[in-house]
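Source file: protein01.cif; contents: mmCIF, C-alpha atoms and all ligand atoms.
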```cif
data_query
loop_
_atom_site.label_atom_id
_atom_site.label_comp_id
_atom_site.auth_asym_id
_atom_site.auth_seq_id
_atom_site.Cartn_x
_atom_site.Cartn_y
_atom_site.Cartn_z
CA MET A 605 82.77 70.37 184.72
CA GLY A 606 81.91 66.92 185.98
CA ILE A 607 79.00 64.59 186.47
CA VAL A 608 77.37 63.88 189.80
CA ALA A 609 76.32 60.27 190.15
CA PHE A 610 74.73 58.41 193.04
CA CYS A 611 75.45 54.81 193.94
CA PRO A 612 72.52 52.51 194.88
CA ASN A 613 73.18 53.37 198.51
CA GLY A 614 72.90 57.08 197.90
CA HIS A 615 76.54 58.09 198.11
CA ARG A 616 77.36 61.08 196.00
CA ILE A 617 80.23 60.56 193.56
CA ASN A 618 81.78 63.20 191.33
CA VAL A 619 83.17 61.80 188.11
CA LYS A 620 84.72 63.27 185.02
CA ASP A 621 82.58 63.91 181.96
CA SER A 622 84.59 61.44 179.95
CA PHE A 623 83.22 58.60 182.10
CA ALA A 624 79.59 59.29 181.22
CA GLY A 625 77.68 56.11 180.45
CA ARG A 626 80.30 53.84 181.96
CA LYS A 627 80.16 51.65 185.02
CA GLY A 628 81.97 52.33 188.24
CA LEU A 629 82.28 51.27 191.84
CA CYS A 630 81.27 53.56 194.67
CA PRO A 631 84.50 54.55 196.47
CA THR A 632 82.57 54.66 199.75
CA CYS A 633 80.67 51.36 199.78
CA GLY A 634 81.89 49.53 196.68
CA ALA A 635 78.43 49.26 195.11
CA LYS A 636 78.29 49.10 191.32
CA PHE A 637 76.58 51.93 189.54
CA ARG A 638 76.28 53.33 186.05
CA ILE A 639 77.41 56.88 185.50
CA PRO A 640 74.66 58.81 183.72
CA ALA A 641 75.32 60.13 180.24
CA ALA A 642 74.71 63.71 181.25
CA GLU A 643 74.38 66.64 178.94
CA SER A 644 77.80 67.66 180.11
CA ALA A 645 79.19 64.61 178.33
CA ILE A 646 77.87 65.98 175.08
CA ALA A 647 79.36 69.34 175.95
CA ALA A 648 82.70 67.67 176.57
CA VAL A 649 82.67 66.01 173.17
CA GLY A 650 81.84 69.22 171.39
CA SER A 651 83.33 71.75 173.75
CA ALA A 652 84.89 73.74 170.95
CA LEU A 653 81.49 74.51 169.43
CA PRO A 654 79.17 77.32 170.48
CA THR A 655 76.17 76.05 172.43
CA ALA A 656 73.59 76.71 169.71
CA ARG A 657 75.68 74.86 167.17
CA LEU A 658 76.22 72.06 169.66
CA LEU A 659 72.49 71.58 170.22
CA GLU A 660 72.03 71.34 166.50
CA LEU A 661 74.67 68.65 166.35
CA ALA A 662 73.64 66.88 169.54
CA PRO A 663 71.88 63.90 167.93
CA ALA A 664 74.95 63.13 165.86
CA VAL A 665 77.19 63.48 168.89
CA VAL A 666 74.95 61.18 170.91
CA ALA A 667 75.04 58.64 168.11
CA THR A 668 78.81 58.49 168.39
CA LEU A 669 78.88 58.12 172.17
CA PRO A 670 78.91 54.32 172.32
CA ARG A 671 82.19 54.35 170.43
CA VAL A 672 83.64 57.25 172.33
CA LEU A 673 82.62 55.83 175.70
CA PRO A 674 82.60 52.05 175.66
CA LEU A 675 80.21 50.81 178.31
CA ASP A 676 82.20 47.77 179.25
CA GLU A 677 85.25 49.60 180.44
CA PRO A 678 85.72 50.39 184.08
CA ALA A 679 85.32 54.03 184.92
CA PHE A 680 87.37 55.56 187.65
CA ALA A 681 87.82 53.34 190.69
CA PRO A 682 91.28 51.96 191.40
CA ALA A 683 92.13 48.91 189.35
CA SER A 684 92.10 46.70 192.42
CA ALA A 685 88.55 47.74 193.33
CA LEU A 686 87.35 47.11 189.79
CA ALA A 687 88.79 43.67 189.39
CA PRO A 688 85.62 41.83 190.48
CA LEU A 689 83.46 44.00 188.24
CA ALA A 690 85.26 43.55 184.95
CA PRO A 691 88.24 41.21 184.94
CA PRO A 692 90.19 41.97 181.79
CA PRO A 693 90.31 39.06 179.35
CA PRO A 694 93.78 37.67 178.71
CA ALA A 695 95.47 39.21 175.70
CA LEU A 696 94.92 36.95 172.73
CA HIS A 697 97.62 35.71 170.41
CA PRO A 698 97.36 37.61 167.10
CA VAL A 699 96.09 34.54 165.25
CA LEU A 700 93.37 34.14 167.90
CA ALA A 701 92.61 37.86 168.06
CA GLU A 702 92.19 37.90 164.29
CA ARG A 703 88.89 36.05 164.61
CA PRO A 704 88.02 35.76 168.31
CA ASP A 705 84.51 34.63 167.36
CA LEU A 706 85.69 31.38 165.76
CA THR A 707 86.25 28.07 167.48
CA TRP A 708 89.34 25.91 167.45
CA CYS A 709 90.17 22.25 167.78
CA ILE A 710 93.45 20.72 168.86
CA ALA A 711 94.51 17.22 167.85
CA PHE A 712 97.36 15.52 169.65
CA PRO A 713 99.57 12.98 167.93
CA GLY A 714 97.76 9.66 167.99
CA GLY A 715 94.79 11.17 169.81
CA GLU A 716 91.28 12.35 169.11
CA PRO A 717 90.69 16.04 168.41
CA THR A 718 89.29 18.14 171.22
CA GLU A 719 85.79 19.52 171.29
CA PRO A 720 85.54 22.96 169.62
CA LEU A 721 87.28 25.48 171.88
CA PRO A 722 86.79 29.24 172.08
CA ALA A 723 89.77 31.51 171.43
CA GLU A 724 90.10 32.13 175.17
CA SER A 725 90.62 28.42 175.79
CA MET A 726 93.26 28.30 173.09
CA GLN A 727 95.01 31.22 174.74
CA ALA A 728 94.84 29.46 178.11
CA TRP A 729 96.35 26.36 176.50
CA LEU A 730 99.21 28.42 175.08
CA ASP A 731 99.66 30.34 178.32
CA ALA A 732 99.82 27.13 180.31
CA GLY A 733 102.80 26.03 178.25
CA GLN A 734 101.15 22.69 177.52
CA ALA A 735 101.68 22.90 173.78
CA GLU A 736 104.58 20.78 172.63
CA GLY A 737 104.52 21.78 168.97
CA THR A 738 103.61 18.31 167.72
CA GLU A 739 99.88 19.05 167.81
CA VAL A 740 97.82 20.12 164.85
CA VAL A 741 95.18 22.82 165.21
CA TRP A 742 92.19 23.84 163.18
CA ARG A 743 90.20 27.05 163.14
CA SER A 744 86.59 26.81 162.03
CA ASP A 745 87.18 28.91 158.90
CA TRP A 746 90.18 26.87 157.77
CA PRO A 747 89.81 24.08 155.22
CA GLU A 748 92.48 21.97 156.85
CA TRP A 749 94.48 21.33 159.99
CA ARG A 750 97.77 23.10 160.48
CA PRO A 751 100.76 22.26 162.66
CA ALA A 752 100.46 24.13 165.96
CA ARG A 753 104.08 25.16 165.69
CA ASP A 754 103.39 26.88 162.35
CA VAL A 755 100.33 28.68 163.67
CA PHE A 756 101.82 29.81 167.00
CA PRO A 757 105.57 29.80 166.30
CA ASP A 758 106.26 32.38 168.98
CA ALA A 759 104.09 30.75 171.64
CA ILE A 760 105.35 27.20 171.44
CA PRO A 761 108.88 26.38 172.55
ZN ZN A 801 78.02 53.93 197.98
#
```
Transcribe the structure of this file into structure tokens.
Ligand SMILES: [Zn+2]
Amino acid sequence: MGIVAFCPNGHRINVKDSFAGRKGLCPTCGAKFRIPAAESAIAAVGSALPTARLLELAPAVVATLPRVLPLDEPAFAPASALAPLAPPPPALHPVLAERPDLTWCIAFPGGEPTEPLPAESMQAWLDAGQAEGTEVVWRSDWPEWRPARDVFPDAIP
């Protein structure tokens, strides 16, 4: 059993239940649309239960849907077609991923520290291979600066 969705231009798209509530691209015209969270999605989650029991449980099942079906993930179109819709963020270094909400500063030997940088900018700095290992870095929950080489030993040559 699937869900029938319609893109803003009226094209009919059949999608799997597991994509309910997500976003997708119309395979015909490329328009963005949101796949409705149909009753069938609830049925899919609780398919092992008899219908009467399922209806009884439905509010609880619905409450869990945001975790089961994250809205920010692309639905079903090929990865290439989805790229403009939701470019995946670069994978963060574990120390960055630990607290992606915190900001960072970098201080270069003999130089002024940078403005506070988000974790993504730190990752870009590491990815660009610009770190030399002589810098010190600070995360906004740390009491003191730490050598960049100690914080990112695997990312700095
Ligand atoms: Zn369309």
Taking only residues of chain A that have an atom at most 7 Å from an atom of ligand ZN 801 (chain A), what is each one's shortest atom pair and its distance in Å to one decimal, using only C-alpha atoms and all ligand atoms, in chain and number order, as JSON lines?
```
{"residue": "A:Cys611", "atom": "CA", "partner": "A:ZN801", "partner_atom": "ZN", "distance": 4.9}
{"residue": "A:Pro612", "atom": "CA", "partner": "A:ZN801", "partner_atom": "ZN", "distance": 6.5}
{"residue": "A:Asn613", "atom": "CA", "partner": "A:ZN801", "partner_atom": "ZN", "distance": 4.9}
{"residue": "A:Gly614", "atom": "CA", "partner": "A:ZN801", "partner_atom": "ZN", "distance": 6.0}
{"residue": "A:His615", "atom": "CA", "partner": "A:ZN801", "partner_atom": "ZN", "distance": 4.4}
{"residue": "A:Cys630", "atom": "CA", "partner": "A:ZN801", "partner_atom": "ZN", "distance": 4.7}
{"residue": "A:Pro631", "atom": "CA", "partner": "A:ZN801", "partner_atom": "ZN", "distance": 6.7}
{"residue": "A:Thr632", "atom": "CA", "partner": "A:ZN801", "partner_atom": "ZN", "distance": 4.9}
{"residue": "A:Cys633", "atom": "CA", "partner": "A:ZN801", "partner_atom": "ZN", "distance": 4.1}
{"residue": "A:Gly634", "atom": "CA", "partner": "A:ZN801", "partner_atom": "ZN", "distance": 6.0}
{"residue": "A:Ala635", "atom": "CA", "partner": "A:ZN801", "partner_atom": "ZN", "distance": 5.5}
```
_Exercise: A:Ala641 partners within 9 Å, only C-alpha atoms, chain neighbours under 5 positions left out, as a PyMOL selection string_ = chain A and resi 607+621+623-626+646
*Which polymer residues have any atom within 9 Å of an atom of stretch 735-748 of chain A, counting all atoms listed in the file, with same-chain residues fewer than 4 positions away left out, as a list in words?*
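In the requested form, the answer reads Leu706, Thr707, Trp708, Cys709, Ile710, Ala711, Phe712, Pro713, Pro717, Pro720, Trp729, Leu730, Asp731, Ala752, Arg753, Asp754, Val755, Phe756, Pro757, Ala759, Ile760 and Pro761 of chain A.
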Would you write out those residues with C-alpha atoms, as a PDB file, in the frame of the given file?
```
ATOM      1  CA  LEU A 706      85.690  31.380 165.760  1.00  0.00           C
ATOM      2  CA  THR A 707      86.250  28.070 167.480  1.00  0.00           C
ATOM      3  CA  TRP A 708      89.340  25.910 167.450  1.00  0.00           C
ATOM      4  CA  CYS A 709      90.170  22.250 167.780  1.00  0.00           C
ATOM      5  CA  ILE A 710      93.450  20.720 168.860  1.00  0.00           C
ATOM      6  CA  ALA A 711      94.510  17.220 167.850  1.00  0.00           C
ATOM      7  CA  PHE A 712      97.360  15.520 169.650  1.00  0.00           C
ATOM      8  CA  PRO A 713      99.570  12.980 167.930  1.00  0.00           C
ATOM      9  CA  PRO A 717      90.690  16.040 168.410  1.00  0.00           C
ATOM     10  CA  PRO A 720      85.540  22.960 169.620  1.00  0.00           C
ATOM     11  CA  TRP A 729      96.350  26.360 176.500  1.00  0.00           C
ATOM     12  CA  LEU A 730      99.210  28.420 175.080  1.00  0.00           C
ATOM     13  CA  ASP A 731      99.660  30.340 178.320  1.00  0.00           C
ATOM     14  CA  ALA A 752     100.460  24.130 165.960  1.00  0.00           C
ATOM     15  CA  ARG A 753     104.080  25.160 165.690  1.00  0.00           C
ATOM     16  CA  ASP A 754     103.390  26.880 162.350  1.00  0.00           C
ATOM     17  CA  VAL A 755     100.330  28.680 163.670  1.00  0.00           C
ATOM     18  CA  PHE A 756     101.820  29.810 167.000  1.00  0.00           C
ATOM     19  CA  PRO A 757     105.570  29.800 166.300  1.00  0.00           C
ATOM     20  CA  ALA A 759     104.090  30.750 171.640  1.00  0.00           C
ATOM     21  CA  ILE A 760     105.350  27.200 171.440  1.00  0.00           C
ATOM     22  CA  PRO A 761     108.880  26.380 172.550  1.00  0.00           C
TER      23      PRO A 761
END
```
*Pick out the closest residue to A:Pro722 from this set: A:Ile639, A:Val608, A:Ala701, A:Val619. Count all atoms listed in the file.*
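Closest to A:Pro722, using all atoms listed in the file: A:Ala701.
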*To one decimal place, how far is atom CA of A:Ser725 from atom CA of A:Asp705 in Å?*
12.1 Å
*Between atom CA of A:Glu702 and atom CA of A:Lys627, what is the spacing in Å?*
27.6 Å
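Going from atom CA of A:Phe610 to atom CA of A:Gly628 covers 10.6 Å.
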Six-sided padding of 5 Å per side, axis-aligned box over stretch 747-757 of chain A, centre and edges in Å, one decimal, as AutoDock Vina command-line options:
```
--center_x 97.7 --center_y 25.6 --center_z 161.1 --size_x 25.8 --size_y 18.5 --size_z 21.8
```
